[in-house]
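Participant: Below is a structure I'd like to ask you about.
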Amino acid sequence: MISVMILSAIVSYLLGGVNGAIILSKIFYGEDIREKGSKNPGFTNFKRVYGNGIVSWSVILIDVGKTALPVFISAFVFEQRFEMWQFGAAYSGLFCMLGHCFPVWYKFKGGKAFMAGFATTWFVDWRMAVLAMIVFFVVLWLFKYMSVASCMAALSCPIILFFLGPASGWVEVLCALSALLVIVRHYPNYIKLKNGTESKFSLKSNKKAA
């Protein structure tokens, strides 16, 4: 089992480090999104900088896809060999998130891992994913801050999973660590919220769509 865990951690971390915002900003605009706007290589900053076009929304597809693949494979392998689907998904998901936050490909300067975490929840427990998504959209609708909605949705995941009943205590721990990672990575946003400089999220854009 140790060898499977090591392989899963390495593959998940490396694939998790693939960043859609960085890749697309360089391909389509010849720039590094980490030098623009809030300097965060994520969908929200990418959309603010480059507009509401298909390129911006493709960031989500890449970040979800690069997480879904290793998480599914890991969950499948853990299920076949140890009957531990939930653990395999949660374990791989955490390392995908770590890869997204601290990618070796980009000098360990990555994003906040919300999308990677969101993709992981569907493989851990789809009921948790649906409820967390409801929390996300309700908070976003009420407050219009993507950072607040992301953190509240992340915080809700281990709480929801606890009441749904995780397959093991380790799954609950992994889920809690993943939520904590998202919350800690949003620390700069807390400062902006305190100073009243945090930008509100809107589907509209003043930028020309790509």
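Identifiers in the structure tokens: chain A, B, ... in order shown; residue index from 1 per chain; ligand index from 1 in order shown.
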Could you give me, as a list in words, the residues within 9 Å of stretch 167-174 of chain A, counting only C-alpha atoms and dropping anything in the same chain fewer than 6 positions from it?

Facilitator: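 Residues near the query, excluding close chain neighbours: Met84, Trp85, Gln86, Phe87, Gly88, Ala89, Ala90, Tyr91, Gly93, Leu94, Val124, Pro158, Ile159 and Leu161 of chain A.
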
Participant: Residues of stretch 60-125 of chain A within 7 Å of stretch 41-45 of chain A: nearest atom pair and distance (Å, one decimal) for each, counting only C-alpha atoms, sorted by chain and number, as JSON lines?

Facilitator:
```
{"residue": "A:Ile60", "atom": "CA", "partner": "A:Phe43", "partner_atom": "CA", "distance": 6.4}
{"residue": "A:Gly110", "atom": "CA", "partner": "A:Pro41", "partner_atom": "CA", "distance": 6.3}
{"residue": "A:Gly111", "atom": "CA", "partner": "A:Pro41", "partner_atom": "CA", "distance": 5.2}
```

Participant: Can you pull out the residues contacting A:Ser202? Cut-off 12 Å, using only C-alpha atoms, and skip same-chain residues under 2 positions away; I want them as number ranges by chain.

Facilitator: A: 44-45, 47-48, 51-52, 140-141, 143-146, 199-200, 204-206

Participant: If you measure from atom CA of A:Leu180 to atom CA of A:Cys151, what distance in Å do you get, rounded to one decimal?

Facilitator: 8.9 Å

Participant: Can you pull out the residues contacting A:Ile33? Cut-off 9 Å, using only C-alpha atoms, and skip same-chain residues under 6 positions away; I want them as a VMD selection string.

Facilitator: chain A and resid 21 to 26 39 to 42 45 to 46 49

Participant: Save the residues we just selected, C-alpha atoms, as a PDB file, in the first residue's frame?

Facilitator:
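The resulting file, part33.pdb, is reproduced below:
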```
ATOM      1  CA  ALA A  21      -4.302  30.357 -16.051  1.00  0.00           C
ATOM      2  CA  ILE A  22      -0.516  30.460 -16.448  1.00  0.00           C
ATOM      3  CA  ILE A  23      -0.537  28.329 -19.591  1.00  0.00           C
ATOM      4  CA  LEU A  24      -3.319  30.240 -21.348  1.00  0.00           C
ATOM      5  CA  SER A  25      -2.003  33.685 -20.395  1.00  0.00           C
ATOM      6  CA  LYS A  26       1.328  32.812 -22.010  1.00  0.00           C
ATOM      7  CA  LYS A  39      -1.112  38.217  -9.404  1.00  0.00           C
ATOM      8  CA  ASN A  40      -3.044  35.060  -8.490  1.00  0.00           C
ATOM      9  CA  PRO A  41      -2.945  32.415 -11.244  1.00  0.00           C
ATOM     10  CA  GLY A  42      -6.602  31.481 -10.988  1.00  0.00           C
ATOM     11  CA  ASN A  45      -7.981  37.054 -11.641  1.00  0.00           C
ATOM     12  CA  PHE A  46      -7.659  35.745 -15.209  1.00  0.00           C
ATOM     13  CA  VAL A  49      -7.513  40.808 -16.475  1.00  0.00           C
TER      14      VAL A  49
END
```

Participant: Let me make sure I understand: among A:Cys157, A:Cys96, A:Met1, A:Val59, which one has the smallest atom-to-atom distance to A:Phe82 if we use only C-alpha atoms?

Facilitator: A:Met1

Participant: Could you please determine the separation between atom CA of A:Lys112 and atom CA of A:Lys66 in Å, to one decimal place?

Facilitator: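 Calculated distance between atom CA of A:Lys112 and atom CA of A:Lys66 is 14.9 Å.
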
Participant: Find the residues near A:His100: any atom within 9 Å, counting only C-alpha atoms, skip ones fewer than 3 places away on the same chain, and give them as a compact mmCIF listing (two decimals) with N, CA and C atoms, in the first residue's frame.

Facilitator:
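Final output, saved to part-v9.txt:
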```
# COMPACT_ATOMS: atom_id res chain seq x y z
N TYR A 13 0.55 15.30 -7.48
CA TYR A 13 1.23 16.57 -7.27
C TYR A 13 1.70 17.17 -8.60
N LEU A 14 2.31 16.35 -9.44
CA LEU A 14 2.85 16.85 -10.71
C LEU A 14 1.74 17.31 -11.65
N LEU A 15 0.67 16.52 -11.77
CA LEU A 15 -0.44 16.93 -12.63
C LEU A 15 -1.20 18.10 -12.02
N GLY A 16 -1.30 18.11 -10.69
CA GLY A 16 -1.97 19.22 -10.02
C GLY A 16 -1.25 20.54 -10.24
N GLY A 17 0.05 20.46 -10.50
CA GLY A 17 0.83 21.67 -10.71
C GLY A 17 0.64 22.31 -12.06
N VAL A 18 -0.03 21.61 -12.97
CA VAL A 18 -0.33 22.19 -14.29
C VAL A 18 -1.38 23.28 -14.09
N ASN A 19 -1.08 24.50 -14.46
CA ASN A 19 -1.96 25.63 -14.17
C ASN A 19 -2.54 26.23 -15.45
N ASP A 63 -8.17 23.33 -15.03
CA ASP A 63 -7.91 23.09 -13.61
C ASP A 63 -8.77 21.95 -13.05
N PHE A 95 -3.07 16.09 -2.75
CA PHE A 95 -1.78 16.30 -3.41
C PHE A 95 -1.93 17.09 -4.71
N CYS A 96 -3.07 16.93 -5.39
CA CYS A 96 -3.34 17.78 -6.55
C CYS A 96 -3.43 19.24 -6.12
N MET A 97 -4.06 19.48 -4.99
CA MET A 97 -4.20 20.83 -4.47
C MET A 97 -2.85 21.40 -4.05
N PRO A 103 3.48 24.60 -7.30
CA PRO A 103 3.90 23.80 -8.47
C PRO A 103 5.40 23.85 -8.75
N PHE A 108 7.22 26.99 -7.72
CA PHE A 108 6.40 26.84 -6.51
C PHE A 108 5.48 28.03 -6.25
N LYS A 109 5.18 28.79 -7.31
CA LYS A 109 4.26 29.92 -7.19
C LYS A 109 2.97 29.58 -7.92
N GLY A 110 1.96 29.16 -7.16
CA GLY A 110 0.71 28.72 -7.76
C GLY A 110 -0.50 29.44 -7.23
N GLY A 111 -1.65 28.79 -7.40
CA GLY A 111 -2.92 29.40 -7.03
C GLY A 111 -3.41 29.01 -5.65
N LYS A 112 -4.73 29.03 -5.50
CA LYS A 112 -5.33 28.82 -4.18
C LYS A 112 -6.07 27.50 -4.06
N ALA A 113 -6.10 26.73 -5.15
CA ALA A 113 -6.56 25.34 -5.14
C ALA A 113 -8.05 25.13 -4.95
N ALA A 116 -9.36 22.85 -7.79
CA ALA A 116 -8.85 21.48 -7.62
C ALA A 116 -9.61 20.78 -6.49
```

Participant: I need the alpha helix (DSSP H) residues of stretch 2-200 of chain A per DSSP on the backbone, written as JSON, numbers by chain.

Facilitator: {"A": [2, 3, 4, 5, 6, 7, 8, 9, 10, 11, 12, 13, 14, 15, 16, 20, 21, 22, 23, 24, 25, 26, 27, 28, 29, 43, 44, 45, 46, 47, 48, 49, 50, 54, 55, 56, 57, 58, 59, 60, 61, 62, 63, 64, 65, 66, 67, 68, 69, 70, 71, 72, 73, 74, 75, 76, 77, 78, 79, 80, 81, 82, 85, 86, 87, 88, 89, 90, 91, 92, 93, 94, 95, 96, 97, 98, 99, 100, 101, 114, 115, 116, 117, 118, 119, 120, 121, 122, 123, 124, 126, 127, 128, 129, 130, 131, 132, 133, 134, 135, 136, 137, 138, 139, 140, 141, 142, 143, 146, 147, 148, 149, 150, 151, 152, 153, 154, 155, 156, 157, 158, 159, 160, 161, 162, 163, 164, 169, 170, 171, 172, 173, 174, 175, 176, 177, 178, 179, 180, 181, 182, 183, 184, 185, 187, 188, 189, 190, 191, 192, 193, 194, 195]}

Participant: For a quick check of understanding, using only C-alpha atoms, which of A:Ala132, A:Ala119, A:Val71, A:Ala154 has the smallest distance to A:Ala9?

Facilitator: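 Closest residue, counting only C-alpha atoms: A:Val71.
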
Participant: Please identify all polymer residues within 8 Å of A:Ser58, counting only C-alpha atoms, omitting same-chain residues fewer than 4 positions from it, and present them as a PyMOL selection string.

Facilitator: chain A and resi 20+54+62

Participant: Tell me which protein, DNA and RNA residues are within 8 Å of A:Val139, counting only C-alpha atoms, leaving out same-chain ones fewer than 6 positions away, and put them as a list in words.

Facilitator: Val148, Ala149 and Met152 of chain A

Participant: Could you tell me how far atom CA of A:Tyr29 sits from atom CA of A:Thr120, in Å to one decimal place?

Facilitator: 29.7 Å
